[in-house]
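Before any comments, here is the structure.
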Amino acid sequence: MLEIQEQISELPSEPLLETAEEARVAMIRAALNEIRPFLQRDGGDCELVGVEGNVVRVKMKGACIGCQLASVTIHGIQAKLIAKLGMQLRVAPVLGFGGL
C-alpha cells in the first residue's frame, strides 16, 4: 500500500484548467497591462477591479483622478480593449478601494 502511495505522490500535478470566464478576465487584464504604461507616462494609472458580464470596472489612479479628460481616457481604454479582444464591452470607472 505504501508503494502505491509513493507512486501517486510522484505523479506530476496537472495544471488546473481555467474556466472561460477566467480566461476572459485574464485577456482583459493582459490588454489593460499593455495600456497602463501610456497612462503611467502621464502620471496616471488604472487598476482592474472586476468584470461583470460585459462591464469592465476599473479604478483610475494618480493624475487620472479628478482629471477633466478622465472620461475621454475611459472611452479610449474601452476602444482599445474592444479592438484588442474583439468583444463588445463597456469600461466603467469605480471610486474607492478594492481590486482583484
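Ordering of the C-alpha cells sets the chain letters (A, B, ...); residue numbers start at 1 within each chain; ligands are numbered from 1 in the order shown.
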Residue neighbourhood Gln40 of chain A, 10 Å, only C-alpha atoms, exclusion window fewer than 5 positions, as number ranges by chain: A: 35, 45-46, 61-64
Resulting file, chosen residues, C-alpha atoms, as a PDB file, in the first residue's frame:
```pdb
ATOM      1  CA  ILE A  35      -2.371  50.239 -21.960  1.00  0.00           C
ATOM      2  CA  ASP A  45      -2.814  54.588 -13.903  1.00  0.00           C
ATOM      3  CA  CYS A  46      -5.767  52.213 -13.838  1.00  0.00           C
ATOM      4  CA  LYS A  61      -5.331  56.345 -10.094  1.00  0.00           C
ATOM      5  CA  GLY A  62      -2.768  59.109  -9.854  1.00  0.00           C
ATOM      6  CA  ALA A  63      -3.198  62.045 -12.202  1.00  0.00           C
ATOM      7  CA  CYS A  64      -6.289  60.398 -13.721  1.00  0.00           C
TER       8      CYS A  64
END
```
Atom CA of Ala20 of chain A to atom CA of His75 of chain A, straight-line distance in Å: 25.5 Å
Apply DSSP to the structure's backbone, then extract all residues of segment 8-86 of chain A labelled strand (DSSP E) and return them as number ranges by chain. A: 44-52, 55-62
Can you write out the residues you just picked, keeping N, CA and C atoms, as a CSV table (one decimal), in the first residue's frame?
```csv
chain,number,residue,atom,x,y,z
A,44,GLY,N,-0.7,58.9,-14.4
A,44,GLY,CA,-1.9,58.2,-14.0
A,44,GLY,C,-1.7,56.7,-14.0
A,45,ASP,N,-2.8,56.0,-13.9
A,45,ASP,CA,-2.8,54.6,-13.9
A,45,ASP,C,-4.3,54.1,-13.8
A,46,CYS,N,-4.5,52.8,-14.1
A,46,CYS,CA,-5.8,52.2,-13.8
A,46,CYS,C,-5.6,50.8,-13.3
A,47,GLU,N,-6.5,50.3,-12.6
A,47,GLU,CA,-6.5,49.0,-11.9
A,47,GLU,C,-7.8,48.3,-12.2
A,48,LEU,N,-7.7,47.0,-12.7
A,48,LEU,CA,-8.8,46.2,-12.9
A,48,LEU,C,-9.5,45.9,-11.5
A,49,VAL,N,-10.7,46.2,-11.4
A,49,VAL,CA,-11.5,46.0,-10.2
A,49,VAL,C,-12.3,44.7,-10.3
A,50,GLY,N,-12.9,44.5,-11.5
A,50,GLY,CA,-13.7,43.4,-11.7
A,50,GLY,C,-14.4,43.4,-13.1
A,51,VAL,N,-14.9,42.2,-13.5
A,51,VAL,CA,-15.6,42.1,-14.7
A,51,VAL,C,-17.0,41.4,-14.4
A,52,GLU,N,-18.0,42.1,-14.8
A,52,GLU,CA,-19.4,41.6,-14.6
A,52,GLU,C,-20.1,41.6,-15.9
A,55,VAL,N,-19.3,44.3,-18.6
A,55,VAL,CA,-18.8,45.6,-18.0
A,55,VAL,C,-17.5,45.3,-17.3
A,56,VAL,N,-16.5,46.1,-17.7
A,56,VAL,CA,-15.2,46.0,-17.1
A,56,VAL,C,-15.0,47.2,-16.1
A,57,ARG,N,-14.9,46.9,-14.9
A,57,ARG,CA,-14.8,48.0,-13.9
A,57,ARG,C,-13.3,48.3,-13.6
A,58,VAL,N,-12.9,49.6,-13.7
A,58,VAL,CA,-11.5,50.0,-13.4
A,58,VAL,C,-11.5,51.1,-12.4
A,59,LYS,N,-10.5,51.2,-11.7
A,59,LYS,CA,-10.2,52.3,-10.8
A,59,LYS,C,-9.1,53.1,-11.3
A,60,MET,N,-9.4,54.4,-11.6
A,60,MET,CA,-8.4,55.3,-12.1
A,60,MET,C,-7.5,55.8,-10.9
A,61,LYS,N,-6.3,56.0,-11.2
A,61,LYS,CA,-5.3,56.3,-10.1
A,61,LYS,C,-4.5,57.5,-10.5
A,62,GLY,N,-3.7,58.1,-9.6
A,62,GLY,CA,-2.8,59.1,-9.9
A,62,GLY,C,-3.4,60.3,-10.5
```
Could you build a table of the residues in segment 25-73 of chain A lying no more than 10 Å from segment 81-86 of chain A, giving for each the nearest pair of atoms and their separation in Å rounded to one decimal place, using only C-alpha atoms, ordered by chain and ascending residue number, as CSV?
```
residue,atom,partner,partner_atom,distance
A:Met27,CA,A:Leu85,CA,7.3
A:Ile28,CA,A:Leu81,CA,7.1
A:Arg29,CA,A:Leu81,CA,9.8
A:Ala30,CA,A:Leu81,CA,9.9
A:Ala31,CA,A:Leu81,CA,6.4
A:Leu32,CA,A:Leu81,CA,7.4
A:Glu34,CA,A:Leu81,CA,9.9
A:Ile35,CA,A:Leu81,CA,9.0
A:Val56,CA,A:Leu81,CA,9.7
```
